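Have a look at final_26.tsv below; it lists TSV, C-alpha atoms and all ligand atoms.
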chain	number	residue	atom	x	y	z
S	1	MET	CA	-60.29	66.28	19.61
S	2	LYS	CA	-58.08	63.34	18.65
S	3	PHE	CA	-54.41	63.26	19.65
S	4	ALA	CA	-51.56	61.07	18.39
S	5	VAL	CA	-49.02	60.17	21.08
S	6	ILE	CA	-45.91	59.28	19.07
S	7	VAL	CA	-43.96	56.36	20.55
S	8	PHE	CA	-40.25	56.08	19.73
S	9	PRO	CA	-38.09	53.16	20.89
S	10	GLY	CA	-37.10	54.43	24.35
S	11	SER	CA	-40.01	56.82	24.96
S	12	ASN	CA	-41.12	56.52	28.59
S	13	CYS	CA	-43.54	59.41	29.12
S	14	ASP	CA	-45.99	58.22	26.47
S	15	LEU	CA	-48.27	56.65	29.09
S	16	ASP	CA	-48.36	59.85	31.16
S	17	MET	CA	-49.18	61.88	28.05
S	18	TYR	CA	-51.95	59.44	27.07
S	19	HIS	CA	-53.32	59.50	30.63
S	20	ALA	CA	-53.36	63.30	30.73
S	21	VAL	CA	-55.32	63.59	27.49
S	22	LYS	CA	-57.62	60.61	27.80
S	23	ASP	CA	-58.35	60.30	31.51
S	24	GLU	CA	-57.92	63.84	32.80
S	25	LEU	CA	-59.24	65.78	29.79
S	26	GLY	CA	-61.60	63.16	28.40
S	27	GLU	CA	-60.33	63.61	24.83
S	28	GLU	CA	-59.37	60.92	22.32
S	29	ALA	CA	-55.78	59.68	22.17
S	30	GLU	CA	-53.97	56.87	20.37
S	31	TYR	CA	-50.41	55.59	20.58
S	32	VAL	CA	-48.70	55.86	17.18
S	33	TRP	CA	-45.49	53.94	16.50
S	34	HIS	CA	-42.48	55.88	15.20
S	35	ASP	CA	-42.63	54.40	11.69
S	36	SER	CA	-46.20	55.52	10.98
S	37	LYS	CA	-46.68	57.05	7.53
S	38	ASP	CA	-50.00	58.76	8.12
S	39	LEU	CA	-51.06	61.19	10.83
S	40	SER	CA	-53.82	62.79	8.76
S	41	SER	CA	-56.62	61.55	11.02
S	42	TYR	CA	-55.24	63.30	14.13
S	43	ASP	CA	-56.01	66.84	15.25
S	44	GLY	CA	-52.98	67.23	17.51
S	45	ILE	CA	-49.55	65.59	17.68
S	46	LEU	CA	-47.80	64.89	20.99
S	47	LEU	CA	-44.10	63.97	21.17
S	48	PRO	CA	-43.50	62.57	24.66
S	49	GLY	CA	-40.41	62.51	26.82
S	50	GLY	CA	-38.02	59.63	27.28
S	51	PHE	CA	-34.76	58.28	25.98
S	52	SER	CA	-35.46	57.72	22.29
S	53	TYR	CA	-32.84	55.46	20.72
S	54	GLY	CA	-31.04	55.40	24.08
S	55	ASP	CA	-30.03	59.06	23.76
S	56	TYR	CA	-27.14	57.89	21.55
S	57	LEU	CA	-25.09	60.69	19.92
S	58	ARG	CA	-27.31	63.38	21.47
S	59	CYS	CA	-30.84	63.30	22.84
S	60	GLY	CA	-33.20	63.33	19.87
S	61	ALA	CA	-30.41	63.15	17.28
S	62	ILE	CA	-31.53	59.76	15.95
S	63	ALA	CA	-35.28	60.15	16.46
S	64	GLN	CA	-35.28	63.12	14.07
S	65	PHE	CA	-34.79	60.56	11.25
S	66	SER	CA	-37.73	58.34	12.28
S	67	GLY	CA	-40.23	57.72	9.50
S	68	VAL	CA	-43.00	59.51	11.37
S	69	MET	CA	-41.09	62.81	11.40
S	70	ASP	CA	-42.10	63.59	7.79
S	71	GLU	CA	-45.69	63.31	8.96
S	72	VAL	CA	-45.00	65.47	12.02
S	73	ARG	CA	-43.55	68.07	9.68
S	74	LYS	CA	-46.65	67.87	7.47
S	75	ALA	CA	-48.91	68.29	10.49
S	76	ALA	CA	-46.92	71.34	11.57
S	77	GLU	CA	-47.15	72.80	8.07
S	78	ALA	CA	-50.90	72.18	8.10
S	79	GLY	CA	-51.13	74.29	11.27
S	80	LYS	CA	-52.04	71.45	13.63
S	81	PRO	CA	-50.86	71.76	17.24
S	82	VAL	CA	-47.57	69.89	17.74
S	83	LEU	CA	-46.32	69.62	21.34
S	84	GLY	CA	-42.89	68.22	22.22
S	85	ILE	CA	-42.15	67.65	25.89
S	86	CYS	CA	-38.60	67.06	27.13
S	87	ASN	CA	-37.23	64.45	24.73
S	88	GLY	CA	-39.99	65.61	22.39
S	89	PHE	CA	-38.59	69.17	22.57
S	90	GLN	CA	-35.10	67.82	21.88
S	91	ILE	CA	-36.43	65.95	18.83
S	92	LEU	CA	-38.17	69.09	17.52
S	93	THR	CA	-34.94	71.12	17.73
S	94	GLU	CA	-32.89	68.33	16.14
S	95	ALA	CA	-35.45	68.13	13.33
S	96	GLY	CA	-35.24	71.89	12.78
S	97	LEU	CA	-38.89	72.47	13.66
S	98	LEU	CA	-37.78	74.72	16.51
S	99	PRO	CA	-34.59	76.81	16.74
S	100	GLY	CA	-31.70	76.27	19.15
S	101	VAL	CA	-30.39	73.13	20.81
S	102	LEU	CA	-30.51	71.37	24.18
S	103	LEU	CA	-27.07	70.88	25.73
S	104	ARG	CA	-26.11	68.91	28.83
S	105	ASN	CA	-27.16	70.48	32.13
S	106	LYS	CA	-24.47	72.81	33.40
S	107	ASN	CA	-23.66	70.44	36.32
S	108	LEU	CA	-23.46	67.51	33.86
S	109	LYS	CA	-26.00	65.59	35.96
S	110	PHE	CA	-29.44	64.19	35.29
S	111	MET	CA	-31.83	66.32	37.35
S	112	CYS	CA	-35.28	65.38	38.59
S	113	ARG	CA	-37.39	67.77	40.71
S	114	THR	CA	-40.33	70.15	40.61
S	115	VAL	CA	-39.46	73.68	39.50
S	116	GLY	CA	-41.15	77.06	39.27
S	117	LEU	CA	-42.03	78.24	35.76
S	118	LYS	CA	-43.21	81.64	34.57
S	119	VAL	CA	-45.77	81.87	31.77
S	120	GLU	CA	-44.09	84.47	29.53
S	121	ASN	CA	-46.72	84.35	26.81
S	122	ASN	CA	-50.29	83.28	27.47
S	123	ASN	CA	-51.36	84.36	24.00
S	124	THR	CA	-50.72	80.98	22.38
S	125	LEU	CA	-52.91	78.01	21.65
S	126	PHE	CA	-51.02	76.08	24.36
S	127	THR	CA	-51.23	78.66	27.16
S	128	ASN	CA	-54.49	80.59	26.80
S	129	GLU	CA	-55.83	79.05	30.03
S	130	TYR	CA	-52.96	80.53	32.09
S	131	GLU	CA	-52.59	84.12	33.25
S	132	GLN	CA	-49.84	86.21	31.68
S	133	GLY	CA	-46.87	86.09	34.08
S	134	GLU	CA	-48.42	83.29	36.16
S	135	GLU	CA	-46.00	81.15	38.17
S	136	ILE	CA	-46.67	77.43	38.03
S	137	GLN	CA	-45.02	74.35	39.50
S	138	ILE	CA	-44.08	71.62	37.01
S	139	PRO	CA	-41.69	68.63	37.33
S	140	ILE	CA	-38.51	68.37	35.28
S	141	ALA	CA	-36.43	65.24	34.61
S	142	HIS	CA	-33.58	65.66	32.17
S	143	GLY	CA	-29.86	65.38	31.55
S	144	GLU	CA	-29.80	67.64	28.48
S	145	GLY	CA	-32.11	70.53	29.28
S	146	ASN	CA	-29.68	73.39	28.91
S	147	TYR	CA	-31.27	75.44	26.13
S	148	TYR	CA	-28.80	77.27	23.92
S	149	CYS	CA	-29.19	79.55	20.92
S	150	ASP	CA	-27.04	82.31	19.43
S	151	ASP	CA	-27.71	86.03	19.96
S	152	ALA	CA	-29.52	86.54	16.66
S	153	THR	CA	-31.87	83.63	17.38
S	154	TYR	CA	-32.47	84.81	20.94
S	155	ASN	CA	-33.33	88.33	19.79
S	156	HIS	CA	-35.67	86.94	17.18
S	157	LEU	CA	-37.41	84.71	19.74
S	158	LYS	CA	-37.77	87.62	22.11
S	159	GLU	CA	-39.10	90.07	19.52
S	160	ASN	CA	-41.70	87.58	18.31
S	161	ASN	CA	-42.85	86.55	21.80
S	162	GLN	CA	-41.74	82.99	21.07
S	163	ILE	CA	-40.40	82.42	24.58
S	164	VAL	CA	-43.40	80.83	26.26
S	165	PHE	CA	-41.99	79.54	29.58
S	166	THR	CA	-38.94	80.50	31.64
S	167	TYR	CA	-37.56	78.88	34.80
S	168	ALA	CA	-37.86	80.84	38.05
S	169	ASP	CA	-34.28	79.78	38.87
S	170	ASP	CA	-31.26	78.89	36.80
S	171	PHE	CA	-30.51	75.26	37.66
S	172	ASN	CA	-29.49	73.82	34.27
S	173	GLY	CA	-27.75	76.72	32.49
S	174	SER	CA	-30.44	77.51	29.91
S	175	ARG	CA	-29.99	80.77	28.07
S	176	ASN	CA	-32.05	83.46	29.83
S	177	ASN	CA	-33.74	80.63	31.80
S	178	ILE	CA	-35.66	79.50	28.71
S	179	ALA	CA	-37.83	76.46	29.46
S	180	GLY	CA	-40.13	76.41	26.43
S	181	ILE	CA	-40.43	78.08	23.03
S	182	ILE	CA	-42.92	78.18	20.18
S	183	ASN	CA	-42.41	78.45	16.42
S	184	GLU	CA	-43.18	81.66	14.54
S	185	ARG	CA	-46.53	80.43	13.34
S	186	GLY	CA	-47.51	79.55	16.89
S	187	ASN	CA	-48.52	75.90	16.48
S	188	VAL	CA	-45.33	74.02	17.50
S	189	LEU	CA	-44.34	74.20	21.18
S	190	GLY	CA	-41.31	72.55	22.76
S	191	MET	CA	-40.68	72.58	26.51
S	192	MET	CA	-38.39	70.70	28.87
S	193	PRO	CA	-40.70	70.54	31.93
S	194	HIS	CA	-43.41	67.86	32.05
S	195	PRO	CA	-46.98	69.27	32.26
S	196	GLU	CA	-48.31	65.73	31.67
S	197	ARG	CA	-46.89	64.77	35.08
S	198	ALA	CA	-48.80	67.57	36.79
S	199	VAL	CA	-52.44	66.87	35.99
S	200	SER	CA	-53.87	65.80	39.36
S	201	GLU	CA	-53.44	66.66	43.04
S	202	LEU	CA	-53.04	62.93	43.62
S	203	ILE	CA	-49.64	63.05	41.91
S	204	GLY	CA	-48.50	66.27	43.55
S	205	GLY	CA	-50.17	69.07	41.61
S	206	LYS	CA	-52.18	69.93	38.54
S	207	ASP	CA	-50.59	73.07	37.14
S	208	GLY	CA	-49.96	71.25	33.85
S	209	LEU	CA	-53.59	70.59	33.09
S	210	ALA	CA	-54.30	74.11	31.80
S	211	LEU	CA	-51.82	73.53	28.97
S	212	PHE	CA	-53.81	70.59	27.63
S	213	ARG	CA	-57.09	72.41	28.28
S	214	SER	CA	-55.78	75.38	26.27
S	215	ILE	CA	-55.13	73.22	23.20
S	216	VAL	CA	-58.61	71.70	23.31
S	217	LYS	CA	-60.32	75.04	23.94
S	218	GLN	CA	-58.63	76.69	20.98
S	219	TRP	CA	-59.37	73.71	18.75
S	220	ARG	CA	-63.06	73.69	19.74
S	221	GLU	CA	-63.36	77.42	19.09
S	222	SER	CA	-61.97	77.07	15.59
S	223	HIS	CA	-63.75	73.84	14.64
S	224	VAL	CA	-67.22	74.13	16.12
S	225	SER	CA	-69.67	75.76	13.74
S	226	HIS	CA	-71.26	78.99	14.96
S	227	ALA	CA	-74.16	78.68	12.51
B	301	LIG	N1	-37.58	63.03	30.50
B	301	LIG	C1	-37.00	63.17	29.33
B	301	LIG	O1	-37.65	63.26	28.29
B	301	LIG	C2	-35.49	63.13	29.30
B	301	LIG	C3	-34.92	63.52	27.98
B	301	LIG	C4	-33.48	63.10	27.78
B	301	LIG	N2	-33.34	61.68	27.83
B	301	LIG	C5	-32.60	63.78	28.78
B	301	LIG	O2	-32.14	63.14	29.70
B	301	LIG	O3	-32.37	64.97	28.68
Now, as a test, write the supplied structure out as structure tokens.
Amino acid sequence: MKFAVIVFPGSNCDLDMYHAVKDELGEEAEYVWHDSKDLSSYDGILLPGGFSYGDYLRCGAIAQFSGVMDEVRKAAEAGKPVLGICNGFQILTEAGLLPGVLLRNKNLKFMCRTVGLKVENNNTLFTNEYEQGEEIQIPIAHGEGNYYCDDATYNHLKENNQIVFTYADDFNGSRNNIAGIINERGNVLGMMPHPERAVSELIGGKDGLALFRSIVKQWRESHVSHA
């Protein structure tokens, strides 16, 4: 499986994402600059964390207009897996590919620590290697991770099982502790925590690895001929 790791000016988790896919999973990955006009050769699109365009205006507010976003949209429409982590999640909401918005943390501070997450829905292409309800430990590092949406959107997310991860504790003010959501079709996931920073015991834990393994497993099952 071949992944594109999209690099915006100011991305800083692109190397971790590349490392997770290439070195820990053994899959193909390439860095793709933010003005790329063609993502057709990739099977999965990864939007990494960071400070795209210096977080000016709002995190992700400028990156949503990057040339590559038309291609990301096309990939999403084609049903390819699109994963946005932290700044990548912010970009996906700004671009309208996922509902809601990420506001500043309720204490108005940048926060960096490992947090408990609950897998609310393991019936997705990103979470099939987790148990339903499993609690995992994943690092967070954000200033604008406070997920907000209105009541109608929340009810819709809830009814459709689009809430994929919640925080064990409320530390940033997110509505109903939402940490990650998926689109209706089930191929675009955005999450604030960083699974790509939790792929080996050497760096403090590997609870994030199953997310990447899930993507590859699902892809193999649908692309390998059973003839
Ligand atoms: N690690 C990240 O991607 C951080 C995202 C964004 N710059 C924020 O502070 O919220």
Within 12 Å of region 30-35 of chain S using all atoms listed in the file, minus same-chain residues under 3 positions, as a ChimeraX atom specification: /S:1-11,13-19,21-22,27,38-39,41-48,52-53,62-72
Nearby residues (all atoms listed in the file) at most 9 Å from Cys86 (chain S), same-chain spacing under 5 positions excluded, as JSON, numbers by chain: {"S": [47, 48, 49, 50, 91, 140, 141, 142, 144, 145, 190, 191, 192, 193, 194]}
Based on the selection just made, write C-alpha atoms of those residues as a tab-separated table (two decimals), keeping the file's coordinate frame.
chain	number	residue	atom	x	y	z
S	47	LEU	CA	-44.10	63.97	21.17
S	48	PRO	CA	-43.50	62.57	24.66
S	49	GLY	CA	-40.41	62.51	26.82
S	50	GLY	CA	-38.02	59.63	27.28
S	91	ILE	CA	-36.43	65.95	18.83
S	140	ILE	CA	-38.51	68.37	35.28
S	141	ALA	CA	-36.43	65.24	34.61
S	142	HIS	CA	-33.58	65.66	32.17
S	144	GLU	CA	-29.80	67.64	28.48
S	145	GLY	CA	-32.11	70.53	29.28
S	190	GLY	CA	-41.31	72.55	22.76
S	191	MET	CA	-40.68	72.58	26.51
S	192	MET	CA	-38.39	70.70	28.87
S	193	PRO	CA	-40.70	70.54	31.93
S	194	HIS	CA	-43.41	67.86	32.05
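Minimum distance to ligand LIG 301 (chain B) across S:Ile182, S:Cys59, S:Ala210, S:Ala95 (counting all atoms listed in the file) occurs at S:Cys59.
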**Message:** List the spatial neighbours of Gly204 (chain S) as a PyMOL selection string - criterion: any atom at most 12 Å away, all atoms listed in the file, same-chain residues fewer than 4 positions off excluded.
**Reply:** chain S and resi 113-114+137-139+195-200+208
Write the residues of the selection above to a file with C-alpha atoms, as a PDB file, in the coordinates of the input.
ATOM      1  CA  ARG S 113     -37.390  67.770  40.710  1.00  0.00           C
ATOM      2  CA  THR S 114     -40.330  70.150  40.610  1.00  0.00           C
ATOM      3  CA  GLN S 137     -45.020  74.350  39.500  1.00  0.00           C
ATOM      4  CA  ILE S 138     -44.080  71.620  37.010  1.00  0.00           C
ATOM      5  CA  PRO S 139     -41.690  68.630  37.330  1.00  0.00           C
ATOM      6  CA  PRO S 195     -46.980  69.270  32.260  1.00  0.00           C
ATOM      7  CA  GLU S 196     -48.310  65.730  31.670  1.00  0.00           C
ATOM      8  CA  ARG S 197     -46.890  64.770  35.080  1.00  0.00           C
ATOM      9  CA  ALA S 198     -48.800  67.570  36.790  1.00  0.00           C
ATOM     10  CA  VAL S 199     -52.440  66.870  35.990  1.00  0.00           C
ATOM     11  CA  SER S 200     -53.870  65.800  39.360  1.00  0.00           C
ATOM     12  CA  GLY S 208     -49.960  71.250  33.850  1.00  0.00           C
TER      13      GLY S 208
END
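Atom pair CA of Gly26 (chain S) / CA of Ser40 (chain S) has a distance of 21.1 Å (rounded to one decimal).
CA of Asn183 (chain S) lies 15.2 Å from CA of Ala152 (chain S).
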From CA of Glu184 (chain S) to CA of Ser214 (chain S) the spacing works out at 18.3 Å
Find the residues around Asn121 (chain S) up to 10 Å (all atoms listed in the file counted), leave out those fewer than 6 positions away in its own chain, and share them as a VMD selection string.
chain S and resid 127 to 128 130 to 134 161 to 166 181 to 182
Could you save those same residues with C-alpha atoms as a compact mmCIF listing (two decimals), keeping the file's coordinate frame?
# COMPACT_ATOMS: atom_id res chain seq x y z
CA THR S 127 -51.23 78.66 27.16
CA ASN S 128 -54.49 80.59 26.80
CA TYR S 130 -52.96 80.53 32.09
CA GLU S 131 -52.59 84.12 33.25
CA GLN S 132 -49.84 86.21 31.68
CA GLY S 133 -46.87 86.09 34.08
CA GLU S 134 -48.42 83.29 36.16
CA ASN S 161 -42.85 86.55 21.80
CA GLN S 162 -41.74 82.99 21.07
CA ILE S 163 -40.40 82.42 24.58
CA VAL S 164 -43.40 80.83 26.26
CA PHE S 165 -41.99 79.54 29.58
CA THR S 166 -38.94 80.50 31.64
CA ILE S 181 -40.43 78.08 23.03
CA ILE S 182 -42.92 78.18 20.18
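When all atoms listed in the file are used to measure the gap to Tyr154 (chain S), the shortest distance among S:Ser222, S:Pro99, S:Leu125, S:Lys106 belongs to S:Pro99.
You can rank S:Glu201, S:Glu28, S:Asp55, S:Asp207 by their closest distance to ligand LIG 301 (chain B) using all atoms listed in the file, and at the top of that list sits S:Asp55.
Take the candidates S:His223, S:Arg104, S:Lys217, S:Arg185 and check each one against ligand LIG 301 (chain B) using only C-alpha atoms and all ligand atoms; the shortest distance goes to S:Arg104.
Counting all atoms listed in the file, the residue from S:Phe51, S:Trp219, S:Tyr56, S:Tyr167 that sits nearest to ligand LIG 301 (chain B) is S:Phe51.
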Of S:Val119, S:Leu202, S:Val188, S:Ile136, the one sitting nearest Leu98 (chain S) when using only C-alpha atoms is S:Val188
I'd like the neighbourhood of Phe212 (chain S) as a JSON list (two decimals) with C-alpha atoms, in the coordinates of the input, where a residue qualifies if any of its atoms comes within 8 Å (using only C-alpha atoms), though same-chain residues fewer than 3 positions away should be ignored.
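File produced: selection-v9.json:
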[["chain", "number", "residue", "atom", "x", "y", "z"],
["S", 20, "ALA", "CA", -53.36, 63.30, 30.73],
["S", 21, "VAL", "CA", -55.32, 63.59, 27.49],
["S", 25, "LEU", "CA", -59.24, 65.78, 29.79],
["S", 126, "PHE", "CA", -51.02, 76.08, 24.36],
["S", 208, "GLY", "CA", -49.96, 71.25, 33.85],
["S", 209, "LEU", "CA", -53.59, 70.59, 33.09],
["S", 215, "ILE", "CA", -55.13, 73.22, 23.20],
["S", 216, "VAL", "CA", -58.61, 71.70, 23.31]]
